[in-house]
Each structure stands twice: as structure tokens, then as C-alpha cells.
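Student: First the structure, which I've put down as C-alpha cells, then a few questions once you've had a look.
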Amino acid sequence: MSFSHLGLSEKVLAAVAATGYKTPTPIQDQAIPHVLARRDVLGIAQTGTGKTAAFVLPMLTMLETGRARARMPRTLILEPTRELAAQVEESFIKYGVNHNKLNVALIIGGVSFDDQDAKLMRGVDVLIATPGRLLDHNERGRLLLSGVELLVIDEADRMLDMGFIPDIERICKLVPFTRQTLFFTATMPPEIRRITEQFLSNPVRVEVSRPATTVASTTQLLARSGRDGAEKRDTLRRLIRSAEGMKNAIIFCNRKRDVATLHRSLLRHGFSVQALHGDMDQSARTAALEQFRKNEVTLLVASDVAARGLDIPDVSHIYNFDVPIHADDYVHRIGRTGRAGRAGTAITIVAGSNDAKAVAAIEKLIGQPIPFMDKIAGTPAEPQHEPRSEPRNEPRNEPRHEPRHEPRHEPRQTARPPQRGRHEHQRRPQQPERRPPQQQPAPVARIEDARPRRAPQPVRKPMDDGDASHLPAFLLRPVPLKA
């Protein structure tokens with residue numbers, strides 16, 4: 001079966017033949033006829049199955065007639081990340097080589113508004129955009145969506161994970177109600193199902209495989225590791241060094257700061273590695289991807305947001321340095337390998353009970369167990385961690401056990417805890433100096449004893465009139481009389 005029976009134009013068929021493709025993938029074979037028939041399509045397929053060509057090829061055929069007006073694109077494609085949007089643009093350039101008058105515009109963040117405005121002013125047949133930048137242009141009055149004839153929402157489940165669903169709802173209300181909608185996703189969580197029921201009109205469901213399934217050609221394994229970050233990095237290095245037939249690999253982390261930390265660690269250990277995460281500017285992200293595609297670097301450490309949907313056809317290994325928080329992300333991560341029928345290997349590092357629970361959720365989602373690796377090559381390096389952990393615990397236990405083995409302190413410190421006996425033994429030379437001042441209550445006692453001396457003074461007895469005791473002493477002295 002070839003592309004010729006799908007109803008594509010001669011220009012498109014010639015471009016496909018020039019790229020070397022002869023047989024359409026299942027998603028292309030089932031979706032393209034319905035797209036050309038102007039039907040809404042709900043496509044559910046794994047990553048790496050040719051979803052992009054499933055809407056690019058029929059769109060090129062449909063856009064051969066008609067002309068775009070300034071600031072009013074004819075078709076709109078929404079992508080969750082800049083890299084995915086750039087890949088779709090490359091697909092239009094590759095398959096639209098025979099369409100000389102086709103205008104394609106890329107509206108993403110990290111690029112000047114003025115350059116994008118200039119493209120919109122010339123008229124755009126295909127507008128490829130991320131939701132945030134698209135709404136920015138619309139709010140500035142630089143873009144009108146009332147002329148959109150076909151809307152494509154790609155990687156819809158990733159849109160949900162990134163919080164773009166409110167933006168998608170706003171955009172769907174800005175385009176005409178009579179538009180044609182193509183909706184592609186790898187998984188079908190309840191929120192995505194609600195969106196399809198709200199914005200798709202009697203769609204044709206094209207389901208190549210059960211939602212959230214993994215490619216059969218990918219070998220999935222688990223590797224045990226300690227919880228400490230250094231132990232996980234050591235486990236990863238041993239996995240990479242012992243990998244059989246590894247051409248290149250993508251290493252996934254849950255957080256951007258972990259991407260940077262792991263990237264620096266691998267560089268210090270002599271690996272050829274690049275990093276890719278959302279905090280990098282667009283030029284750095286593009287350069288990192290180009291180096292990895294051209295095999296200038298062997299390893300790419302990436303976050304889910306940056307690496308989602310990347311079209312790198314020949315990735316031999318995937319390493320999950322962190323078990324993904326959402327089980328759906330596991331399907332997308334390992335979908336980077338085993339593409340186009342090639343064999344691939346995906347290894348997930350499991351550290352602790354929380355990771356084990358996340359793995360159980362993944363196994364429930366994909367409907368199959370993931371086995372543990374029997375042994376990682378290079379495991380003799382593991383005993384190096386055991387002696388490191390023992391000295392860390394010994395100082396904490398020494399104060400508790402040492403005094404028990406010293407017989408000299410036992411008769412003196414029998415009624416006290418071992419730690420107190422030890423410290424008191426150290427302070428023994430200073431105790432004789434402190435005790436004498438503590439045993440002298442003399443100042444307080446003497447003051448109290450001195451107070452009763454004043455007690456007789458306020459006690460006054462009744463005096464007789466002849467009593468002269470109240471007279472001053474000098475008046476009572478005997479006075480010598482002169483003869």
C-alpha cells in the first residue's frame with residue numbers, strides 16, 4: 001500500500017517520494033482520507049508513529065487553492081513547546097518543496113514581535129504557534145483568527161500537563177464555529193475527553209493503538225538505586241558505561257535544577273553531554289538540539305517540557321533519572337526511542353518507596369509489568385558507598401557506647417546517662433573552683449541576723465516623769481563643782 005491511494009495531490013506525492021517514504025504509517029493511512037473529506041478527526045496514537053505527517057500532507061493538498069489575507073491566517077496549528085512548533089515548520093518546508101507560494105509563519109516565544117508582525121502582514125497560509133504567544137498577538141490587535149478554516153491541536157495531553165487548556169478554550173472560541181478541527185493526543189485523560197466533546201463536531205476517531213501504550217520494540221527495565229543524589233548519579237554512570245549498543249541517549253529529570261546538576265556531574269566525569277530545559281533561551285535550546293541530532297554529543301539531559309515530542313529518529317537509549325510524576329509522561333519519554341520500527345531501550349532508576357508507587361501507577365497505565373535489571377555491570381563500585389555510609393553513622397553512636405566500655409567511669413556515673421558522665425569527667429578539674437562560692441550563704445544569713453538588732457528600737461515602754469533616761473548622755477555626766 002502506497003501514498004497514492006490516499007487522495008493527496010501530485011505535488012505532495014512527489015515531495016513524499018523525494019524524502020524516501022513509500023508506505024504510510026497506520027495513523028497516516030486512516031487519518032488522511034478523513035482530513036481531505038473535511039471531517040473532524042480525533043487521533044490517538046503513540047509518539048513516533050507519524051502523527052505530524054498525518055495532518056501536514058493533507059493540509060498541503062487543501063492549501064493549493066485559495067489565498068491568505070493580511071493578519072488572517074487560513075490554518076492554525078497549536079503546539080505545546082517551541083521545539084515542537086519548529087519541527088512542524090520543518091515538515092511543511094520539507095513536504096511543501098513544490099508549493100512555491102505557500103507562506104508559513106512560526107509564532108513562538110523568544111523571538112522578536114516585530115519580525116513576527118512582518119510575516120503576519122504578508123498573509124499566512126499556515127500559522128504554527130504556541131498558545132501564549134498567539135494570544136499576545138491577538139490581544140495587541142495584530143492577529144485576527146476569524147479566517148481560520150482548519151485548526152490543529154497537537155499533543156493535547158501535554159497541553160493539559162502544562163496548563164494550556166484555558167488558553168486552548170479561549171482560542172477555540174476565537175476561531176469560526178464552522179472550522180475543521182484535528183485533535184491529536186497520545187493519552188485520553190478525562191479533561192481531554194471533555195475538550196473533545198466540547199469543541200469537536202461528530203469527529204472520526206482514529207485509534208491506532210490503545211491509549212497510553214508503549215512501543216513493542218522498546219525494551220523497558222528498572223534499576224535500583226539509593227535515594228541520595230550522588231548514589232543515583234553513580235548508578236546512572238554505571239548504566240551508561242555498561243549499555244550495549246548505545247549510540248546516543250536522552251536522560252530525563254523531573255526538575256530543571258536537577259537537569260543542570262546532572263549535566264555538570266556528567267561533564268566532570270568525561271561524558272559528551274548537553275542540557276535542555278525551559279529556562280534556556282531559544283538560541284541555546286536550538287543549538288543543543290542540533291548538536292544532539294548531528295551526533296556531536298552523545299547524551300542529552302532534558303526536562304519533560306523541553307523534550308516533549310522531539311523528532312529525533314534514531315535514539316537508542318532513554319534513561320529516566322527520576323521516575324515521572326505523572327504516569328502519562330512515562331509513555332511520552334520512552335516514545336523518544338524505538339521510533340519508526342527501530343529497537344530501543346528505556347531504563348528507569350527507582351530509588352525509595354515513593355518511586356516504587358509511581359512505577360506501580362505506570363505499570364497499571366500501560367497494562368504490563370516492568371522487570372528489574374538482575375545486575376548492573378560495574379557493581380563492584382557499589383561497596384565504595386558502604387564504607388562511606390558507616391563512618392557517617394559512627395560519630396553519632398560513639399557518645400552512646402564509648403562510656404560503657406570505660407570501667408573507670410562506671411562506679412562514679414552509675415545513676416547518670418553515659419553522655420553526662422563523660423562531660424562531667426571532662427569538667428572535673430573545674431568543679432573544686434566552683435563549689436566554694438556555691439556553699440557560702442553567709443551574706444544572706446548575716447543580713448538577716450543583723451536585722452533583729454534594730455528590733456528593740458521601735459518597742460517603747462511607758463516612762464515615768466522622773467525618769468531621765470531620755471536625756472542626752474552629756475547632760476548626765478558628773479560635773480565637778482568648784483569649792
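Order determines the names: the first chain of the C-alpha cells is A, the second B, and so forth; residues in each chain are numbered 1 upward, and ligands are numbered 1 upward as they are shown.
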Could you pull out the strand (DSSP E or B) residues of stretch 203-324 of chain A, going by DSSP on the backbone, and write them as a PyMOL selection string?

Tutor: chain A and resi 204-207+218-224+249-253+273-276+299-303+317-320

Student: Return the single residue from A:Ser283, A:Met246, A:Asn354, A:Thr214 that is closest to A:Gly367, with distances computed using only C-alpha atoms.

Tutor: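 With only C-alpha atoms as the atom set, the closest residue is A:Thr214.
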
Student: Find the residue from A:Gly141, A:Ala31, A:Ser316, A:Phe292 that sits nearest to A:Lys51; use only C-alpha atoms when measuring.

Tutor: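 The shortest atom-to-atom distance to A:Lys51 comes from A:Ala31.
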
Student: What separation in Å, quoted to one decimal, exists between atom CA of A:Gly245 and atom CA of A:Ile347?

Tutor: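 Interatomic distance here is 14.2 Å.
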
Student: Excluding A:Met188 and its own-chain neighbours fewer than 2 positions away, which residues fall within 12 Å of it when counting only C-alpha atoms? Please give them as a VMD selection string.

Tutor: chain A and resid 42 to 46 155 to 158 160 183 to 186 190 to 196 207 210 to 213 328 365

Student: From the set A:Ala18, A:Val126, A:Val41, A:Val56, which residue has the shortest atom-to-atom contact distance to A:Asn202, counting only C-alpha atoms?

Tutor: A:Val41

Student: Could you give me, as a PyMOL selection string, the residues within 8 Å of stretch 63-69 of chain A, counting only C-alpha atoms and dropping anything in the same chain fewer than 2 positions from it?

Tutor: chain A and resi 59-61+71-74+99+102+122-125
